[in-house]
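Asks: If you scroll down you'll find the structure; I have some questions about it.
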Amino acid sequence: MVNAVPEIDLVVWIAPLSSIKPKDHRLPSIKEEIEKWGGFNCQNIIYKGIETIQSSDRAYLEIYNALQSSVTPFIIVDESIKIKNFDAKRTKRVLEFGKMAEYKLILNGEPITKDLLDIWAQFNFLDPEILNMSLAEFKNTFCKYTTVTKRFSGFKEYSKTFITGYENIDYLYSLIGEYVFECDLELNVKQIFETEKYELSEEEKESYNFIKENYLDNEKLLMMNNNIFLEMTQKMQHGYCCSKKKFEIVSNWITDESKTIIFTKYIASAEECKKRFPKSTVLNYKTGSLSLNLQELPNTVYFDGTFDWGDVIQSQHRNYRTGQENDCRYLKLIGNVGLESLIEKNNEKKIGISEYLKKISKEQLKEIL
């Protein structure tokens with residue numbers, strides 16, 4: 001598509017940094033992937049990590065100045081879900097780039113990972129006139145939402161709004177349909193999903209219960225502050241992330257380490273997996289589930305559970321993709337505690353922990369966990 005545009009004098013490719021400069025030297029970079037398919041018919045090409053654009057003024061100005069001095073630039077935002085949050089600096093900076101180029105393209109295997117609001121910023125990058133409405137107008141037009149207010153300590157209160165449904169979807173399709181190209185995979189291989197359950201040791205259970213009681217007895221939780229809940233669940237899960245049973249199950253399941261990806265959530269579990277399975281490719285969900293081409297690794301282990309359903313779905317696109325000639329196997333581990341069941345339930349419903357916790361009381365959460 002880029003090469004079909006005449007007289008292109010600049011290509012800007014924005015993507016997760018892990019795909020531009022993979023930490024693991026065994027993994028191909030996006031530049032290598034593009035060159036494998038023939039490359040761009042343009043001498044001036046900039047590859048930049050979305051994280052770098054957010055954190056570095058120098059990187060932002062480099063692209064800004066290059067766009068300003070070019071005549072016919074083309075901007076590609078790979079894994080455009082990274083610019084879904086309008087309040088983020090990265091999104092604002094990429095939207096600014098979008099104003100400077102006529103030719104733009106967003107790429108994503110899963111453009112909506114949380115709710116319908118995810119697509120507003122992405123389409124505003126392409127052209128604000130596609131939707132022709134503010135974020136507030138978009139929300140009021142297509143989303144049904146409820147505001148919950150909780151009062152505590154007699155005079156303080158905490159309010160939060162969450163989306164409960166959608167409407168006018170046919171109208172939304174009429175606005176964006178002609179700007180979307182959907183490419184379905186036609187592979188002659190299978191995706192095989194397996195689940196194994198494991199039991200925590202008595203010591204791990206004691207630690208889990210101690211953290212649960214410590215947090216849930218804290219009056220601050222009456223605020224239903226999502227950061228506190230996330231901190232609690234992180235500590236609870238971290239306490240058993242390196243459970244002995246998990247390694248036993250994975251060791252029995254793996255047939256070829258060199259063909260296996262292991263997704264982890266914590267430094268402790270990542271380091272231990274690297275030590276026990278040195279030939280495997282150990283990745284973090286946030287940095288490893290996007291953009292990388294891992295078709296040479298058909299086996300995937302989800303060593304730590306995650307509430308972020310979008311990361312799980314994106315991770316499956318790393319190996320189940322064009323060029324894959326082997327069946328792709330996926331192993332999910334579930335521990336025998338309430339938190340693991342909650343993660344599984346929320347993934348099935350495709351909602352995150354913060355959305356779920358807005359709807360329940362402290363007593364209900366205590367019973368579930």
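How things are named: the first chain in the structure tokens is A, the next is B, and so on; residues count from 1 in each chain; ligands count from 1 in the order shown.
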I need the alpha helix (DSSP H) residues of stretch 117-358 of chain A per DSSP on the backbone, written as number ranges by chain.

Replies: A: 118-126, 128-131, 135-142, 169-176, 202-216, 226-238, 244-253, 267-276, 285-288, 309-316, 338-349, 353-357

Asks: Can you tell me which residues surround stretch 94-106 of chain A at a distance of at most 6 Å, considering only C-alpha atoms, apart from same-chain residues fewer than 2 positions away, and format the answer as a list in words?

Replies: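 Result of the neighbour search: Pro73, Phe74, Ile75, Ile76, Val77, Asp78, Ser80, Thr91, Lys92, Phe125 and Leu126 of chain A.
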
Asks: Store the residues of this selection in a file with N, CA and C atoms, as a PDB file, in the first residue's frame.

Replies:
```pdb
ATOM      1  N   PRO A  73       4.662  12.412   2.989  1.00  0.00           N
ATOM      2  CA  PRO A  73       4.984  11.400   4.001  1.00  0.00           C
ATOM      3  C   PRO A  73       3.865  10.368   4.154  1.00  0.00           C
ATOM      4  N   PHE A  74       4.225   9.206   4.655  1.00  0.00           N
ATOM      5  CA  PHE A  74       3.270   8.129   4.940  1.00  0.00           C
ATOM      6  C   PHE A  74       3.571   7.640   6.362  1.00  0.00           C
ATOM      7  N   ILE A  75       2.557   7.655   7.237  1.00  0.00           N
ATOM      8  CA  ILE A  75       2.736   7.214   8.623  1.00  0.00           C
ATOM      9  C   ILE A  75       1.976   5.921   8.865  1.00  0.00           C
ATOM     10  N   ILE A  76       2.672   4.935   9.437  1.00  0.00           N
ATOM     11  CA  ILE A  76       2.038   3.675   9.831  1.00  0.00           C
ATOM     12  C   ILE A  76       2.149   3.533  11.341  1.00  0.00           C
ATOM     13  N   VAL A  77       1.030   3.313  12.006  1.00  0.00           N
ATOM     14  CA  VAL A  77       1.038   3.021  13.437  1.00  0.00           C
ATOM     15  C   VAL A  77       0.682   1.545  13.612  1.00  0.00           C
ATOM     16  N   ASP A  78       1.693   0.756  13.935  1.00  0.00           N
ATOM     17  CA  ASP A  78       1.506  -0.682  14.137  1.00  0.00           C
ATOM     18  C   ASP A  78       1.080  -0.928  15.584  1.00  0.00           C
ATOM     19  N   SER A  80      -1.973  -0.247  16.848  1.00  0.00           N
ATOM     20  CA  SER A  80      -2.530   1.073  17.147  1.00  0.00           C
ATOM     21  C   SER A  80      -3.341   1.112  18.439  1.00  0.00           C
ATOM     22  N   THR A  91      -0.460   9.301  22.776  1.00  0.00           N
ATOM     23  CA  THR A  91      -1.597   9.470  21.874  1.00  0.00           C
ATOM     24  C   THR A  91      -1.646  10.890  21.335  1.00  0.00           C
ATOM     25  N   LYS A  92      -1.484  11.862  22.210  1.00  0.00           N
ATOM     26  CA  LYS A  92      -1.530  13.261  21.776  1.00  0.00           C
ATOM     27  C   LYS A  92      -0.430  13.570  20.767  1.00  0.00           C
ATOM     28  N   PHE A 125      -6.790   9.714  14.603  1.00  0.00           N
ATOM     29  CA  PHE A 125      -5.473   9.781  13.978  1.00  0.00           C
ATOM     30  C   PHE A 125      -5.609   9.709  12.463  1.00  0.00           C
ATOM     31  N   LEU A 126      -6.439   8.791  11.979  1.00  0.00           N
ATOM     32  CA  LEU A 126      -6.615   8.653  10.533  1.00  0.00           C
ATOM     33  C   LEU A 126      -7.220   9.926   9.936  1.00  0.00           C
TER      34      LEU A 126
END
```
